[in-house]
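Read through the structure below, which is laid out as structure tokens, and then see the notes.
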Amino acid sequence: MTQADNPAQGAQMEFRGRMSYGDYLHLEKVLDAQEPLSTAHDELLFIIQHQTSELWMKLAIHEIRSAIVAIREDRLQPAFKMLTRVARIFEQLNSAWDVLRTMTPSEYTQFRDSLGQSSGFQSYQYRAIEFLAGNRNNALLKPHAHRPEVLGKLEDILAAPSLYDEALLLLARQGFDVGVDATRMDWRETRQESAAVLLAWRDIYRAPEEHWMLYELAEKLVDFEDYFRRWRFNHVTTVERIIGLKRGTGGTSGVSYLRKMLEVELFPELWKVRTEL
Ligand code: HEM
Ligand SMILES: N[C@@H](CC(=O)c1ccccc1NC=O)C(=O)O
């Protein structure tokens with residue numbers, strides 16, 4: 001038999017005692033983790049949509065953490081690469097809404113009651129991303145009080161500088177006056193917006209050729225926030241399309257809570273600086 005007759009010729013077919021594809025990826029765990037609570041056809045879509053989102057969030061956290069360390073160590077090129085990947089992950093999460101949007105209100109109502117009081121509001125990986133980026137609402141630790149290991153991980157994130165804090169410390173190291181952001185000791189709370197930081201970014205944007213690395217870092221951060229905002233917008237639009245103005249299972253007002261979250265700015269001076277140029 002020639003290669004043309006049998007394209008799979010030479011392929012390994014015997015896996016007794018050898019690691020195969022499914023072994024390496026632990027597919028038995030991943031593919032056994034979907035347990036619908038109802039008989040509704042669309043519940044599997046709902047579960048897989050969330051599980052895949054959480055997997056992508058896991059990767060985003062890994063990349064943001066490494067980007068934070070890289071900026072701290074003045075290794076900007078690797079940080080750029082990681083931040084580009086984070087933006088692409090959010091682009092991926094954004095496209096995923098197209099699949100969920102195929103579920104109508106009638107279909108969702110068939111299993112919504114099974115969800116009890118569970119909600120994406122309790123996604124600790126989502127909260128970790130917000131905390132790592134710099135949006136630190138300590139009140140949102142509360143839903144994790146019953147899981148000490150999760151709480152501990154979120155507390156650890158709050159104990160250290162965020163992505164934006166590290167960017168501002170870098171600006172200070174490079175001689176920019178960033179005001180109080182150069183000397184902060186407590187990282188737990190979201191920093192206050194500052195006029196000094198706005199002026200520092202303005203100088204950088206006015207002379208990109210002189211500050212190319214910082215200029216590029218700023219644009220990577222804006223790109224990340226741009227895609228993150230699109231995720232929030234897609235979420236609230238999908239939610240309104242599916243549950244209208246009903247209260248959320250997590251206990252918030254639902255769409256109006258999510259609309260409020262659209263106003264959150266992770267890197268406020270980087271948006272304000274646009275008006276100054
Ligand atoms: C049928 C689809 C969905 C509906 C109806 C829905 C609805 C809601 C509502 C009403 C809230 C507000 C909190 C509450 O009171 O429950 C919320 C929050 C949230 N949802 Fe969803 N959601 C959907 C899909 C998703 C998906 C696919 C994800 C991806 C992981 C997600 C992640 C989140 C997160 C992270 C929050 C917290 C947002 C924040 O606090 O800023 N949701 N969702
Ligand atoms: N908050 C949603 C329920 C919901 O979407 C949800 C429930 C359990 C696990 C993840 C969810 N997704 C996002 O909030 C609702 O009010 O219908």
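How things are named: the first chain in the structure tokens is A, the next is B, and so on; residues count from 1 in each chain; ligands count from 1 in the order shown.
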
Nearby residues, ligand 2, 10 Å, only C-alpha atoms and all ligand atoms, as a PDB file with N, CA and C atoms, in the first residue's frame:
```pdb
ATOM      1  N   PHE A  46     -25.026  25.891  28.034  1.00  0.00           N
ATOM      2  CA  PHE A  46     -24.783  26.842  29.114  1.00  0.00           C
ATOM      3  C   PHE A  46     -23.561  26.426  29.945  1.00  0.00           C
ATOM      4  N   ILE A  47     -23.486  25.142  30.261  1.00  0.00           N
ATOM      5  CA  ILE A  47     -22.365  24.648  31.076  1.00  0.00           C
ATOM      6  C   ILE A  47     -21.047  24.759  30.302  1.00  0.00           C
ATOM      7  N   GLN A  49     -20.291  26.636  27.773  1.00  0.00           N
ATOM      8  CA  GLN A  49     -19.942  28.054  27.574  1.00  0.00           C
ATOM      9  C   GLN A  49     -19.188  28.598  28.798  1.00  0.00           C
ATOM     10  N   HIS A  50     -19.677  28.271  29.979  1.00  0.00           N
ATOM     11  CA  HIS A  50     -19.024  28.768  31.195  1.00  0.00           C
ATOM     12  C   HIS A  50     -17.704  28.061  31.471  1.00  0.00           C
ATOM     13  N   GLN A  51     -17.697  26.756  31.245  1.00  0.00           N
ATOM     14  CA  GLN A  51     -16.450  26.023  31.526  1.00  0.00           C
ATOM     15  C   GLN A  51     -15.332  26.475  30.587  1.00  0.00           C
ATOM     16  N   TYR A 108     -33.929  29.204  27.956  1.00  0.00           N
ATOM     17  CA  TYR A 108     -33.197  29.410  29.225  1.00  0.00           C
ATOM     18  C   TYR A 108     -34.124  29.189  30.427  1.00  0.00           C
ATOM     19  N   THR A 109     -35.375  29.653  30.295  1.00  0.00           N
ATOM     20  CA  THR A 109     -36.332  29.517  31.413  1.00  0.00           C
ATOM     21  C   THR A 109     -36.547  28.059  31.794  1.00  0.00           C
ATOM     22  N   PHE A 111     -34.422  25.857  32.379  1.00  0.00           N
ATOM     23  CA  PHE A 111     -33.504  25.340  33.420  1.00  0.00           C
ATOM     24  C   PHE A 111     -33.003  26.417  34.374  1.00  0.00           C
ATOM     25  N   ARG A 112     -33.448  27.677  34.216  1.00  0.00           N
ATOM     26  CA  ARG A 112     -32.919  28.752  35.075  1.00  0.00           C
ATOM     27  C   ARG A 112     -33.134  28.457  36.564  1.00  0.00           C
ATOM     28  N   ASP A 113     -34.289  27.900  36.915  1.00  0.00           N
ATOM     29  CA  ASP A 113     -34.569  27.614  38.331  1.00  0.00           C
ATOM     30  C   ASP A 113     -33.551  26.637  38.932  1.00  0.00           C
ATOM     31  N   SER A 114     -33.031  25.740  38.098  1.00  0.00           N
ATOM     32  CA  SER A 114     -32.049  24.751  38.606  1.00  0.00           C
ATOM     33  C   SER A 114     -30.767  25.434  39.079  1.00  0.00           C
ATOM     34  N   LEU A 115     -30.534  26.658  38.625  1.00  0.00           N
ATOM     35  CA  LEU A 115     -29.262  27.329  38.960  1.00  0.00           C
ATOM     36  C   LEU A 115     -29.253  27.855  40.388  1.00  0.00           C
ATOM     37  N   GLY A 116     -30.423  27.889  41.029  1.00  0.00           N
ATOM     38  CA  GLY A 116     -30.501  28.374  42.417  1.00  0.00           C
ATOM     39  C   GLY A 116     -29.994  29.799  42.502  1.00  0.00           C
ATOM     40  N   GLN A 117     -29.109  30.045  43.484  1.00  0.00           N
ATOM     41  CA  GLN A 117     -28.558  31.393  43.650  1.00  0.00           C
ATOM     42  C   GLN A 117     -27.154  31.497  43.075  1.00  0.00           C
ATOM     43  N   SER A 118     -26.771  30.492  42.290  1.00  0.00           N
ATOM     44  CA  SER A 118     -25.437  30.563  41.694  1.00  0.00           C
ATOM     45  C   SER A 118     -25.464  31.562  40.544  1.00  0.00           C
ATOM     46  N   SER A 119     -24.313  32.169  40.305  1.00  0.00           N
ATOM     47  CA  SER A 119     -24.224  33.225  39.284  1.00  0.00           C
ATOM     48  C   SER A 119     -22.760  33.487  38.947  1.00  0.00           C
ATOM     49  N   GLY A 120     -22.529  34.034  37.761  1.00  0.00           N
ATOM     50  CA  GLY A 120     -21.176  34.433  37.355  1.00  0.00           C
ATOM     51  C   GLY A 120     -20.585  35.452  38.314  1.00  0.00           C
ATOM     52  N   PHE A 121     -21.430  36.111  39.066  1.00  0.00           N
ATOM     53  CA  PHE A 121     -20.994  37.062  40.083  1.00  0.00           C
ATOM     54  C   PHE A 121     -20.025  36.389  41.064  1.00  0.00           C
ATOM     55  N   GLN A 122     -20.175  35.079  41.207  1.00  0.00           N
ATOM     56  CA  GLN A 122     -19.320  34.324  42.137  1.00  0.00           C
ATOM     57  C   GLN A 122     -18.107  33.696  41.427  1.00  0.00           C
ATOM     58  N   SER A 123     -17.837  34.114  40.184  1.00  0.00           N
ATOM     59  CA  SER A 123     -16.674  33.564  39.475  1.00  0.00           C
ATOM     60  C   SER A 123     -15.391  34.135  40.088  1.00  0.00           C
ATOM     61  N   HIS A 235     -21.762  40.769  27.397  1.00  0.00           N
ATOM     62  CA  HIS A 235     -22.439  40.086  28.500  1.00  0.00           C
ATOM     63  C   HIS A 235     -23.772  40.766  28.780  1.00  0.00           C
ATOM     64  N   VAL A 239     -27.415  39.196  28.288  1.00  0.00           N
ATOM     65  CA  VAL A 239     -28.272  39.025  29.462  1.00  0.00           C
ATOM     66  C   VAL A 239     -29.630  39.680  29.212  1.00  0.00           C
ATOM     67  N   ILE A 242     -31.735  37.655  26.977  1.00  0.00           N
ATOM     68  CA  ILE A 242     -32.213  36.376  27.497  1.00  0.00           C
ATOM     69  C   ILE A 242     -33.128  36.516  28.714  1.00  0.00           C
ATOM     70  N   ILE A 243     -32.807  37.446  29.648  1.00  0.00           N
ATOM     71  CA  ILE A 243     -33.680  37.545  30.839  1.00  0.00           C
ATOM     72  C   ILE A 243     -34.329  38.920  31.003  1.00  0.00           C
ATOM     73  N   GLY A 244     -34.118  39.813  30.016  1.00  0.00           N
ATOM     74  CA  GLY A 244     -34.726  41.141  30.135  1.00  0.00           C
ATOM     75  C   GLY A 244     -34.251  41.843  31.394  1.00  0.00           C
ATOM     76  N   LEU A 245     -35.183  42.413  32.166  1.00  0.00           N
ATOM     77  CA  LEU A 245     -34.785  43.188  33.347  1.00  0.00           C
ATOM     78  C   LEU A 245     -35.032  42.438  34.657  1.00  0.00           C
ATOM     79  N   LYS A 246     -35.109  41.096  34.569  1.00  0.00           N
ATOM     80  CA  LYS A 246     -35.293  40.293  35.798  1.00  0.00           C
ATOM     81  C   LYS A 246     -34.089  40.464  36.721  1.00  0.00           C
ATOM     82  N   ARG A 247     -34.313  40.243  38.021  1.00  0.00           N
ATOM     83  CA  ARG A 247     -33.187  40.231  38.971  1.00  0.00           C
ATOM     84  C   ARG A 247     -32.276  39.064  38.645  1.00  0.00           C
ATOM     85  N   GLY A 248     -31.000  39.205  39.000  1.00  0.00           N
ATOM     86  CA  GLY A 248     -30.058  38.109  38.763  1.00  0.00           C
ATOM     87  C   GLY A 248     -30.185  37.027  39.815  1.00  0.00           C
ATOM     88  N   THR A 249     -29.832  35.813  39.442  1.00  0.00           N
ATOM     89  CA  THR A 249     -29.832  34.717  40.426  1.00  0.00           C
ATOM     90  C   THR A 249     -28.858  35.016  41.561  1.00  0.00           C
ATOM     91  N   GLY A 250     -27.836  35.821  41.274  1.00  0.00           N
ATOM     92  CA  GLY A 250     -26.842  36.187  42.296  1.00  0.00           C
ATOM     93  C   GLY A 250     -27.357  37.246  43.259  1.00  0.00           C
ATOM     94  N   GLY A 251     -28.555  37.780  42.975  1.00  0.00           N
ATOM     95  CA  GLY A 251     -29.171  38.724  43.902  1.00  0.00           C
ATOM     96  C   GLY A 251     -29.020  40.185  43.520  1.00  0.00           C
ATOM     97  N   THR A 252     -28.278  40.487  42.450  1.00  0.00           N
ATOM     98  CA  THR A 252     -28.167  41.896  42.038  1.00  0.00           C
ATOM     99  C   THR A 252     -29.392  42.264  41.196  1.00  0.00           C
ATOM    100  N   SER A 253     -29.457  43.573  40.837  1.00  0.00           N
ATOM    101  CA  SER A 253     -30.581  44.031  40.030  1.00  0.00           C
ATOM    102  C   SER A 253     -30.517  43.478  38.599  1.00  0.00           C
ATOM    103  N   GLY A 254     -29.432  42.799  38.237  1.00  0.00           N
ATOM    104  CA  GLY A 254     -29.334  42.205  36.905  1.00  0.00           C
ATOM    105  C   GLY A 254     -28.759  43.196  35.910  1.00  0.00           C
ATOM    106  N   VAL A 255     -29.512  43.454  34.834  1.00  0.00           N
ATOM    107  CA  VAL A 255     -29.000  44.310  33.754  1.00  0.00           C
ATOM    108  C   VAL A 255     -28.542  45.677  34.264  1.00  0.00           C
TER     109      VAL A 255
END
```

Report task. Enter the distance from CA of Ala182 (chain A) to CA of Ala200 (chain A), in Å, rounded to one decimal. Result ->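 Between these atoms lies a distance of 12.2 Å.
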
Requested in this report: Could you tell me how far CA of Leu158 (chain A) lies from CA of Gln125 (chain A), in Å and to one decimal?
Outcome: 13.6 Å

Requested in this report: Would you list the contacts of Ala96 (chain A) as a PyMOL selection string, taking every protein, DNA or RNA residue within 10 Å and counting only C-alpha atoms, but skipping same-chain residues closer than 6 positions in sequence?
Outcome: chain A and resi 49-50+52-53+90+231+234

Report task. Between CA of Ile129 (chain A) and CA of Glu276 (chain A), measure the distance and give it in Å to one decimal. Result ->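 Result for CA of Ile129 (chain A) versus CA of Glu276 (chain A): 29.0 Å, one decimal.
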
**Report entry** Selection near Ser66 (chain A), 10 Å with only C-alpha atoms, sequence-local residues under 5 positions removed, as a PyMOL selection string
**Finding:** chain A and resi 60-61+71-72+78-79+82-83+163

**Report entry** Backbone-only DSSP, helix (DSSP H, G or I) members of region 54-234 of chain A, as number ranges by chain
**Finding:** A: 54-72, 76-100, 105-115, 120-122, 124-133, 138-144, 148-158, 163-173, 179-182, 195-206, 208-210, 212-234

Report task. Using only C-alpha atoms and all ligand atoms, pick whichever of A:Met185, A:Leu168, A:Leu266, A:Met103 has the shortest atom-to-atom distance to ligand 1. Result -> A:Met103

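Remark: for ligand 1, the closest of the candidate residues A:Pro161, A:Gly152, A:Pro105, A:Pro208 is A:Pro105 (distances computed over only C-alpha atoms and all ligand atoms).
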
Query raised in the report: Which residue out of A:Ile68, A:Ala139, A:Leu27, A:Ala207 has the minimum interatomic distance to ligand 1 when only C-alpha atoms and all ligand atoms are used?
Result: A:Ala139

Report task. Identify, on the basis of only C-alpha atoms, every residue whose closest approach to His144 (chain A) does not exceed 8 Å; exclude the query and any residue fewer than 5 positions from it along the same chain; express the result as a list of chain:residue names. Result ->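 So the residues in contact are A:Gln122, A:Tyr124, A:Val150, A:Leu151.
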
Query raised in the report: Which residue, A:Pro143, A:Gly22, A:Pro36, A:Gly10, has the smallest gap to ligand 1 when you use only C-alpha atoms and all ligand atoms?
Result: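 With only C-alpha atoms and all ligand atoms as the atom set, the closest residue is A:Pro143.
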
Query raised in the report: Which of these residues is nearest to ligand 1, using only C-alpha atoms and all ligand atoms: A:Tyr257, A:Trp201, A:Trp271, A:Phe176?
Result: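 Of A:Tyr257, A:Trp201, A:Trp271, A:Phe176, the one nearest ligand 1 is A:Tyr257, counting only C-alpha atoms and all ligand atoms.
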